[in-house]
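J.: coords14.txt (compact mmCIF, C-alpha atoms and all ligand atoms) pasted underneath:
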```txt
# COMPACT_ATOMS: atom_id res chain seq x y z
CA MET F 20 80.37 36.15 24.97
CA HIS F 21 83.44 34.94 23.07
CA SER F 22 86.16 37.58 22.70
CA LEU F 23 85.82 37.27 18.92
CA ILE F 24 82.30 38.72 19.11
CA ASP F 25 83.51 41.43 21.51
CA GLY F 26 86.14 42.40 18.94
CA ILE F 27 83.57 42.51 16.12
CA LEU F 28 81.20 44.71 18.13
CA GLU F 29 84.03 47.00 19.22
CA ALA F 30 85.25 47.45 15.62
CA SER F 31 81.69 48.16 14.48
CA ARG F 32 81.20 50.79 17.18
CA ALA F 33 84.49 52.43 16.24
CA ARG F 34 83.52 52.48 12.53
CA GLY F 35 80.09 53.91 13.14
CA PRO F 36 77.18 53.22 10.80
CA ALA F 37 77.52 53.66 7.05
CA ALA F 38 75.33 56.24 5.33
CA THR F 39 71.65 55.44 5.24
CA GLU F 40 70.58 53.91 1.97
CA LEU F 41 67.30 55.01 0.47
CA TRP F 42 65.27 52.04 -0.59
CA PRO F 43 64.25 52.03 -4.23
CA ALA F 44 60.60 51.09 -4.57
CA GLU F 45 61.32 47.74 -6.18
CA GLU F 46 59.61 44.52 -5.36
CA ARG F 47 60.63 42.65 -2.24
CA ARG F 48 61.75 39.08 -2.59
CA ASP F 49 60.18 36.53 -0.30
CA LEU F 50 62.26 33.69 1.18
CA VAL F 51 59.25 31.56 2.09
CA ALA F 52 57.85 31.71 -1.47
CA SER F 53 61.28 31.07 -2.95
CA ALA F 54 61.81 28.03 -0.69
CA ALA F 55 58.39 26.66 -1.68
CA GLU F 56 59.36 27.01 -5.34
CA ALA F 57 62.65 25.13 -4.77
CA LYS F 58 60.68 22.32 -3.13
CA ARG F 59 58.24 22.17 -6.04
CA ASN F 60 61.28 21.75 -8.29
CA GLY F 61 62.38 18.76 -6.17
CA LEU F 62 65.21 20.63 -4.43
CA ILE F 63 66.12 21.13 -0.78
CA PRO F 64 65.78 24.90 -0.20
CA ILE F 65 69.30 26.20 0.44
CA ILE F 66 70.32 29.71 1.37
CA ALA F 67 73.82 29.85 -0.12
CA GLU F 68 76.25 32.15 1.65
CA ILE F 69 78.91 34.50 0.34
CA LYS F 70 81.47 34.18 3.14
CA PRO F 71 84.86 35.64 2.17
CA LYS F 72 86.37 34.51 5.48
CA ALA F 73 86.09 30.90 4.26
CA LEU F 74 88.71 31.84 1.62
CA GLY F 75 90.69 33.96 4.09
CA ARG F 76 90.48 37.14 1.99
CA THR F 77 88.15 39.82 0.70
CA LEU F 78 86.46 39.25 -2.66
CA ALA F 79 86.46 41.45 -5.76
CA GLN F 80 82.97 42.43 -6.92
CA GLU F 81 83.34 40.27 -10.05
CA GLU F 82 83.94 37.26 -7.79
CA VAL F 83 80.89 38.10 -5.67
CA ALA F 84 78.82 38.35 -8.85
CA THR F 85 80.19 35.00 -10.08
CA TYR F 86 79.29 33.25 -6.80
CA ALA F 87 75.83 34.83 -6.77
CA ARG F 88 75.11 33.78 -10.35
CA ALA F 89 76.36 30.23 -9.71
CA TYR F 90 74.18 29.98 -6.60
CA ALA F 91 71.15 31.06 -8.64
CA GLN F 92 72.05 28.64 -11.44
CA TYR F 93 72.39 25.66 -9.06
CA GLY F 94 68.99 26.34 -7.54
CA ALA F 95 69.63 28.21 -4.27
CA CYS F 96 66.44 29.71 -2.82
CA ALA F 97 68.28 32.76 -1.44
CA ILE F 98 71.76 34.23 -0.95
CA SER F 99 73.19 35.10 2.44
CA VAL F 100 75.84 37.83 2.36
CA LEU F 101 78.24 38.54 5.21
CA THR F 102 78.61 42.33 5.40
CA GLU F 103 80.84 42.37 8.53
CA PRO F 104 84.27 43.65 7.42
CA THR F 105 86.77 43.12 10.26
CA HIS F 106 86.43 39.43 11.04
CA PHE F 107 84.38 38.08 8.12
CA LYS F 108 86.00 40.24 5.40
CA GLY F 109 82.55 41.11 4.04
CA SER F 110 81.16 44.41 2.76
CA LEU F 111 77.89 46.23 2.15
CA GLU F 112 78.85 46.37 -1.52
CA ASN F 113 78.84 42.56 -1.62
CA ALA F 114 75.15 42.59 -0.64
CA ARG F 115 74.27 45.04 -3.43
CA THR F 116 76.21 43.01 -6.00
CA ALA F 117 74.75 39.66 -4.88
CA ARG F 118 71.20 41.00 -5.11
CA ARG F 119 71.62 41.49 -8.87
CA ALA F 120 71.52 37.69 -9.32
CA GLY F 121 67.74 37.91 -8.74
CA LEU F 122 67.36 35.86 -5.53
CA PRO F 123 66.24 37.12 -2.11
CA VAL F 124 69.28 38.38 -0.14
CA LEU F 125 69.82 37.89 3.58
CA ARG F 126 72.11 40.43 5.15
CA LYS F 127 74.39 38.78 7.69
CA ASP F 128 76.03 41.04 10.21
CA PHE F 129 76.29 41.70 13.92
CA ILE F 130 73.40 44.14 14.28
CA PHE F 131 73.30 45.73 17.72
CA SER F 132 72.09 49.23 16.89
CA GLU F 133 69.02 50.21 14.89
CA VAL F 134 70.91 52.59 12.59
CA GLN F 135 72.85 49.63 11.18
CA LEU F 136 69.58 48.32 9.72
CA SER F 137 69.44 51.13 7.15
CA GLU F 138 73.00 50.70 5.87
CA VAL F 139 72.09 48.54 2.91
CA GLN F 140 69.02 47.12 1.23
CA ALA F 141 68.26 43.45 1.72
CA ASP F 142 65.17 41.27 1.63
CA LEU F 143 66.00 39.70 4.98
CA VAL F 144 68.21 40.73 7.84
CA LEU F 145 69.84 38.55 10.50
CA LEU F 146 69.16 39.39 14.14
CA ILE F 147 71.29 37.39 16.60
CA ALA F 148 69.50 36.65 19.87
CA ALA F 149 72.84 36.06 21.64
CA LEU F 150 73.75 39.74 21.13
CA ASP F 151 71.17 40.57 23.79
CA ILE F 152 69.41 43.22 21.71
CA ASP F 153 65.79 44.22 22.27
CA LEU F 154 64.45 41.67 19.77
CA ASP F 155 60.86 42.99 19.74
CA ARG F 156 62.10 46.45 18.80
CA PHE F 157 64.56 45.22 16.15
CA VAL F 158 62.00 42.85 14.56
CA ALA F 159 59.59 45.77 14.19
CA ALA F 160 62.30 48.16 12.98
CA ALA F 161 63.48 45.70 10.31
CA ARG F 162 59.91 45.31 8.99
CA ASP F 163 59.42 49.08 8.97
CA LEU F 164 62.40 49.24 6.61
CA GLY F 165 60.94 46.56 4.34
CA MET F 166 63.16 43.70 5.51
CA GLU F 167 62.01 40.38 6.97
CA PRO F 168 63.94 39.55 10.15
CA LEU F 169 65.58 36.14 10.58
CA VAL F 170 66.17 35.66 14.29
CA GLU F 171 69.12 33.40 15.09
CA VAL F 172 69.17 31.23 18.21
CA HIS F 173 71.50 28.63 19.69
CA SER F 174 69.86 27.58 22.96
CA GLU F 175 66.47 26.76 24.46
CA LYS F 176 66.45 30.10 26.22
CA GLU F 177 67.13 32.05 23.02
CA MET F 178 64.49 29.98 21.22
CA GLU F 179 61.84 30.97 23.78
CA ARG F 180 62.94 34.58 23.45
CA ALA F 181 62.66 34.44 19.65
CA LEU F 182 59.25 32.74 19.78
CA SER F 183 57.95 35.47 22.09
CA THR F 184 58.53 38.04 19.31
CA GLU F 185 56.65 38.61 16.03
CA ALA F 186 59.44 36.85 14.09
CA ARG F 187 58.17 34.48 11.41
CA ILE F 188 61.57 33.08 10.46
CA ILE F 189 63.92 31.55 13.01
CA GLY F 190 67.42 30.21 12.33
CA ILE F 191 68.99 27.64 14.62
CA ASN F 192 72.77 28.05 14.45
CA ASN F 193 74.60 24.76 14.85
CA ARG F 194 77.73 26.78 15.60
CA ASN F 195 78.10 28.01 19.15
CA LEU F 196 79.16 31.66 18.81
CA LYS F 197 81.01 31.46 22.14
CA THR F 198 83.13 28.35 21.56
CA LEU F 199 82.75 28.23 17.72
CA GLU F 200 82.08 24.48 18.01
CA VAL F 201 79.68 23.04 15.44
CA ASP F 202 77.19 20.27 16.26
CA LEU F 203 74.24 19.38 14.01
CA GLU F 204 72.53 17.96 17.08
CA THR F 205 71.77 21.54 18.14
CA PHE F 206 69.20 21.85 15.35
CA GLU F 207 67.70 18.45 16.12
CA ARG F 208 67.30 19.38 19.78
CA LEU F 209 65.73 22.82 19.28
CA ALA F 210 63.65 22.29 16.14
CA PRO F 211 60.60 20.52 17.65
CA ARG F 212 59.69 23.50 19.83
CA ALA F 213 59.77 25.85 16.85
CA ARG F 214 57.87 23.39 14.64
CA ASP F 215 55.05 23.40 17.20
CA ALA F 216 54.98 27.20 16.99
CA GLY F 217 54.66 27.08 13.19
CA VAL F 218 57.56 29.38 12.27
CA PHE F 219 59.70 28.97 9.13
CA LEU F 220 62.80 27.19 10.34
CA VAL F 221 66.35 27.53 8.99
CA ALA F 222 69.19 25.13 9.89
CA GLU F 223 72.42 27.18 9.94
CA SER F 224 76.06 26.08 9.75
CA GLY F 225 77.95 22.81 9.62
CA VAL F 226 76.35 21.27 6.51
CA HIS F 227 79.07 19.69 4.35
CA SER F 228 77.50 16.65 2.68
CA PRO F 229 74.22 15.47 1.15
CA GLU F 230 73.82 13.31 4.29
CA ASP F 231 74.08 16.39 6.51
CA ALA F 232 71.51 18.18 4.34
CA VAL F 233 68.99 15.34 4.47
CA ARG F 234 69.56 15.00 8.22
CA MET F 235 68.57 18.66 8.75
CA VAL F 236 65.48 18.32 6.52
CA ARG F 237 64.39 15.20 8.44
CA ALA F 238 64.78 17.15 11.67
CA GLY F 239 62.33 19.76 10.35
CA ALA F 240 64.37 22.38 8.48
CA ASP F 241 62.38 24.42 5.94
CA ALA F 242 65.68 25.70 4.52
CA LEU F 243 69.41 25.24 5.18
CA LEU F 244 72.05 27.93 5.36
CA VAL F 245 75.38 26.79 3.94
CA GLY F 246 78.59 28.84 3.69
CA THR F 247 82.03 27.23 3.95
CA GLU F 248 81.23 24.19 1.80
CA LEU F 249 79.91 26.31 -1.09
CA MET F 250 82.71 28.87 -1.00
CA ALA F 251 85.06 25.95 -1.78
CA GLY F 252 82.99 25.27 -4.90
CA PRO F 253 79.55 26.71 -5.66
CA GLU F 254 78.83 23.72 -7.95
CA ARG F 255 78.63 21.60 -4.76
CA LEU F 256 75.24 23.20 -4.25
CA GLY F 257 74.00 20.94 -7.06
CA GLU F 258 74.81 17.88 -4.92
CA LEU F 259 73.66 19.27 -1.58
CA ASN F 260 70.19 20.33 -2.65
CA ARG F 261 69.16 17.04 -4.27
CA LEU F 262 66.37 15.52 -2.20
O1 LIG F 301 80.11 28.10 6.96
P1 LIG F 301 78.97 27.30 7.49
O2 LIG F 301 79.35 26.36 8.60
O3 LIG F 301 78.22 26.58 6.38
O4 LIG F 301 77.94 28.33 8.17
C1 LIG F 301 77.23 29.31 7.42
C2 LIG F 301 76.49 30.28 8.34
O5 LIG F 301 75.54 29.55 9.06
C3 LIG F 301 77.46 30.98 9.27
O6 LIG F 301 78.32 31.74 8.49
C4 LIG F 301 76.77 31.87 10.31
C5 LIG F 301 75.65 31.57 11.00
N1 LIG F 301 75.32 32.58 11.85
C6 LIG F 301 76.23 33.56 11.75
C7 LIG F 301 76.32 34.78 12.38
C8 LIG F 301 77.34 35.62 12.05
C9 LIG F 301 78.29 35.25 11.11
C10 LIG F 301 78.23 34.01 10.46
C11 LIG F 301 77.19 33.16 10.76
```
In structure tokens, what does this structure look like?
Ligand SMILES: O=P(O)(O)OC[C@@H](O)[C@@H](O)c1c[nH]c2ccccc12

T.:
Amino acid sequence: MHSLIDGILEASRARGPAATELWPAEERRDLVASAAEAKRNGLIPIIAEIKPKALGRTLAQEEVATYARAYAQYGACAISVLTEPTHFKGSLENARTARRAGLPVLRKDFIFSEVQLSEVQADLVLLIAALDIDLDRFVAAARDLGMEPLVEVHSEKEMERALSTEARIIGINNRNLKTLEVDLETFERLAPRARDAGVFLVAESGVHSPEDAVRMVRAGADALLVGTELMAGPERLGELNRL
């Protein structure tokens, strides 16, 4: 694993988990239904990410709220929120704030221990296959807490691992977490196997233009996850999600 990931895991271990959050009995928001609605409205379903690292600094809560509202206004089907503080400059608070915009929220973090799952409420939670966690156990634990797991893969081997679990949503990360290189070909190579298995498929990372977006949809993406490009200007979502 890249030393960056080692550093993130080490910092997380040193911090320890945040206090467990009790889940209010409010309705859960469904990514699959929200993506279907975007499609009906003639839009490419995009999960728009709040990624402070793209700006090189932490965000004030008013800024998080502004991004989240803009993402909703420009037709995002969900919001992804980085909650990892040391490298990605995210926070649990950002997830709570973003959820007020009304869209399903995906919590993005480096989850390697089950207690981390209860730190904050989200509709979906990212589980990274490359972290070598017991995916079956974490998929079940996430559902027990009322969150839908999104299992992220980057190789054929990780894809087989993800498909062997009960996961219904799989993300193919075009960014290699070891080298940090981005290649949209990764999605094109791995998507057919997942399509055959009938899971909901997310193309993650490296989408910067309408051409990139269409390319991922043609390759079989049910939704795209876009961060860096939208942090530079959330209004760009309005160009990226046009079919
Ligand atoms: O900024 P990009 O290239 O649009 O990528 C967004 C998202 O896919 C990326 O932030 C991401 C994908 N998987 C992750 C795992 C951890 C942290 C971050 C990520």

J.: Using all atoms listed in the file, determine which residues fall within 6 Å of ligand LIG 301 (chain F), then list them as a PyMOL selection string.

T.: chain F and resi 128+192+223-226+244-248

J.: Kindly give the distance, in Å, that separates atom CA of Ala95 of chain F and atom CA of Asp163 of chain F, rounded to a single decimal.

T.: 26.7 Å

J.: Using all atoms listed in the file, which residues of segment 109-190 of chain F come within 12 Å of segment 75-85 of chain F, and what is the closest atom pair for each, with the distance in Å to one decimal? Give it as a Markdown table, sorted by chain and residue number.

T.:
```
| residue | atom | partner | partner_atom | distance |
| --- | --- | --- | --- | --- |
| F:Gly109 | CA | F:Thr77 | CA | 6.6 |
| F:Ser110 | CA | F:Thr77 | CA | 8.6 |
| F:Leu111 | CA | F:Gln80 | CA | 11.1 |
| F:Glu112 | CA | F:Gln80 | CA | 7.9 |
| F:Asn113 | CA | F:Val83 | CA | 6.4 |
| F:Ala114 | CA | F:Val83 | CA | 8.9 |
| F:Arg115 | CA | F:Gln80 | CA | 9.7 |
| F:Thr116 | CA | F:Ala84 | CA | 6.1 |
| F:Ala117 | CA | F:Ala84 | CA | 5.8 |
| F:Arg118 | CA | F:Ala84 | CA | 8.9 |
| F:Arg119 | CA | F:Ala84 | CA | 7.9 |
| F:Ala120 | CA | F:Ala84 | CA | 7.3 |
| F:Gly121 | CA | F:Ala84 | CA | 11.1 |
```

J.: Would you mind exporting C-alpha atoms of the selected residues as a PDB file, keeping the file's coordinate frame?

T.:
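Printed below is selection_13.pdb as written:
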```pdb
ATOM      1  CA  GLY F 109      82.550  41.110   4.040  1.00  0.00           C
ATOM      2  CA  SER F 110      81.160  44.410   2.760  1.00  0.00           C
ATOM      3  CA  LEU F 111      77.890  46.230   2.150  1.00  0.00           C
ATOM      4  CA  GLU F 112      78.850  46.370  -1.520  1.00  0.00           C
ATOM      5  CA  ASN F 113      78.840  42.560  -1.620  1.00  0.00           C
ATOM      6  CA  ALA F 114      75.150  42.590  -0.640  1.00  0.00           C
ATOM      7  CA  ARG F 115      74.270  45.040  -3.430  1.00  0.00           C
ATOM      8  CA  THR F 116      76.210  43.010  -6.000  1.00  0.00           C
ATOM      9  CA  ALA F 117      74.750  39.660  -4.880  1.00  0.00           C
ATOM     10  CA  ARG F 118      71.200  41.000  -5.110  1.00  0.00           C
ATOM     11  CA  ARG F 119      71.620  41.490  -8.870  1.00  0.00           C
ATOM     12  CA  ALA F 120      71.520  37.690  -9.320  1.00  0.00           C
ATOM     13  CA  GLY F 121      67.740  37.910  -8.740  1.00  0.00           C
TER      14      GLY F 121
END
```

J.: Could you tell me how far atom CA of Met178 of chain F lies from atom CA of Leu150 of chain F, in Å and to one decimal?

T.: 13.5 Å

J.: Which residues are near Asp49 of chain F? Cut-off 12 Å, only C-alpha atoms, ignore same chain within fewer than 5 positions. Put them as a list in words.

T.: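 The residues that qualify are Ala54, Ala55, Glu56, Cys96, Ala97, Ile98, Gly121, Leu122, Pro123, Val124, Leu125, Ala141, Asp142, Leu143, Gly165, Met166, Glu167, Pro168 and Ile188 of chain F.
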
J.: Which residues of segment 81-196 of chain F sit at most 6 Å from segment 24-40 of chain F, using all atoms listed in the file? Give each one's shortest atom pair and distance in Å (one decimal place), in chain and ascending residue order, as JSON lines.

T.:
```
{"residue": "F:Gln135", "atom": "CA", "partner": "F:Pro36", "partner_atom": "CA", "distance": 5.6}
{"residue": "F:Ser137", "atom": "CA", "partner": "F:Thr39", "partner_atom": "CA", "distance": 5.2}
{"residue": "F:Glu138", "atom": "CA", "partner": "F:Thr39", "partner_atom": "CA", "distance": 5.0}
{"residue": "F:Val139", "atom": "CA", "partner": "F:Glu40", "partner_atom": "CA", "distance": 5.7}
```

J.: Excluding same-chain residues fewer than 5 positions from Glu204 of chain F, what lies within 12 Å of it counting only C-alpha atoms, as a short mmCIF file (atom, residue, chain, number, x, y, z; two decimals) with C-alpha atoms, in the frame of the given file?

T.:
```cif
data_model
loop_
_atom_site.label_atom_id
_atom_site.label_comp_id
_atom_site.auth_asym_id
_atom_site.auth_seq_id
_atom_site.Cartn_x
_atom_site.Cartn_y
_atom_site.Cartn_z
CA HIS F 173 71.50 28.63 19.69
CA SER F 174 69.86 27.58 22.96
CA ILE F 191 68.99 27.64 14.62
CA ASN F 192 72.77 28.05 14.45
CA ASN F 193 74.60 24.76 14.85
CA ARG F 194 77.73 26.78 15.60
CA ASN F 195 78.10 28.01 19.15
CA LEU F 209 65.73 22.82 19.28
CA ALA F 210 63.65 22.29 16.14
CA ALA F 222 69.19 25.13 9.89
CA GLU F 223 72.42 27.18 9.94
CA SER F 224 76.06 26.08 9.75
CA GLY F 225 77.95 22.81 9.62
CA VAL F 226 76.35 21.27 6.51
CA ASP F 231 74.08 16.39 6.51
CA ARG F 234 69.56 15.00 8.22
CA MET F 235 68.57 18.66 8.75
CA ALA F 238 64.78 17.15 11.67
#
```

J.: Which protein, DNA or RNA residues have an atom at most 12 Å from (78.1, 18.9, -2.4), counting only C-alpha atoms? List them as a compact mmCIF listing (two decimals) with C-alpha atoms, in the coordinates of the input.

T.:
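Writing the result to selection30.txt gives the following:
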```
# COMPACT_ATOMS: atom_id res chain seq x y z
CA ILE F 65 69.30 26.20 0.44
CA ALA F 67 73.82 29.85 -0.12
CA TYR F 93 72.39 25.66 -9.06
CA VAL F 226 76.35 21.27 6.51
CA HIS F 227 79.07 19.69 4.35
CA SER F 228 77.50 16.65 2.68
CA PRO F 229 74.22 15.47 1.15
CA GLU F 230 73.82 13.31 4.29
CA ASP F 231 74.08 16.39 6.51
CA ALA F 232 71.51 18.18 4.34
CA VAL F 233 68.99 15.34 4.47
CA VAL F 245 75.38 26.79 3.94
CA GLY F 246 78.59 28.84 3.69
CA THR F 247 82.03 27.23 3.95
CA GLU F 248 81.23 24.19 1.80
CA LEU F 249 79.91 26.31 -1.09
CA MET F 250 82.71 28.87 -1.00
CA ALA F 251 85.06 25.95 -1.78
CA GLY F 252 82.99 25.27 -4.90
CA PRO F 253 79.55 26.71 -5.66
CA GLU F 254 78.83 23.72 -7.95
CA ARG F 255 78.63 21.60 -4.76
CA LEU F 256 75.24 23.20 -4.25
CA GLY F 257 74.00 20.94 -7.06
CA GLU F 258 74.81 17.88 -4.92
CA LEU F 259 73.66 19.27 -1.58
CA ASN F 260 70.19 20.33 -2.65
CA ARG F 261 69.16 17.04 -4.27
```

J.: So how far away is atom CA of Pro104 of chain F from atom CA of Ala186 of chain F, in Å?

T.: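 Atom CA of Ala186 of chain F sits 26.6 Å away from atom CA of Pro104 of chain F.
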
J.: Of the candidates F:Ile63, F:Ile69, F:Ala52, F:Leu182, which shows the shortest atom-to-atom distance to Gly94 of chain F, using only C-alpha atoms?

T.: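 Once distances to Gly94 of chain F are computed over only C-alpha atoms, the minimum belongs to F:Ile63.
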
J.: Here's a test: counting only C-alpha atoms, identify every protein, DNA and RNA residue with an atom at most 10 Å from (51.8, 41.0, 17.4) in the file's coordinate frame, and state them as a VMD selection string.

T.: chain F and resid 155 159 183 to 186

J.: Please write the residues from the selection above to a file, keeping C-alpha atoms, as a tab-separated table (two decimals), keeping the file's coordinate frame.

T.:
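Saved the output as result.tsv:
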```
chain	number	residue	atom	x	y	z
F	155	ASP	CA	60.86	42.99	19.74
F	159	ALA	CA	59.59	45.77	14.19
F	183	SER	CA	57.95	35.47	22.09
F	184	THR	CA	58.53	38.04	19.31
F	185	GLU	CA	56.65	38.61	16.03
F	186	ALA	CA	59.44	36.85	14.09
```

J.: May I ask which of the residues F:Phe157, F:Phe129, F:Phe219, F:Phe107 is the closest one to Ala73 of chain F, counting all atoms listed in the file?

T.: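 Among the listed residues, the smallest separation from Ala73 of chain F belongs to F:Phe107.
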
J.: How big is the axis-aligned box around the listed atoms of segment 165-175 of chain F once 6 Å is added on each side, and where is its centre? Give both in Å to one decimal, as lines of an AutoDock Vina configuration file.

T.:
```
center_x = 66.2
center_y = 36.7
center_z = 14.4
size_x = 22.6
size_y = 31.8
size_z = 32.1
```

J.: Nearest to Thr205 of chain F: which of F:Glu175, F:Lys108, F:Glu46, F:Leu146 is it, counting all atoms listed in the file?

T.: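 Under the stated criterion, the closest residue is F:Glu175.
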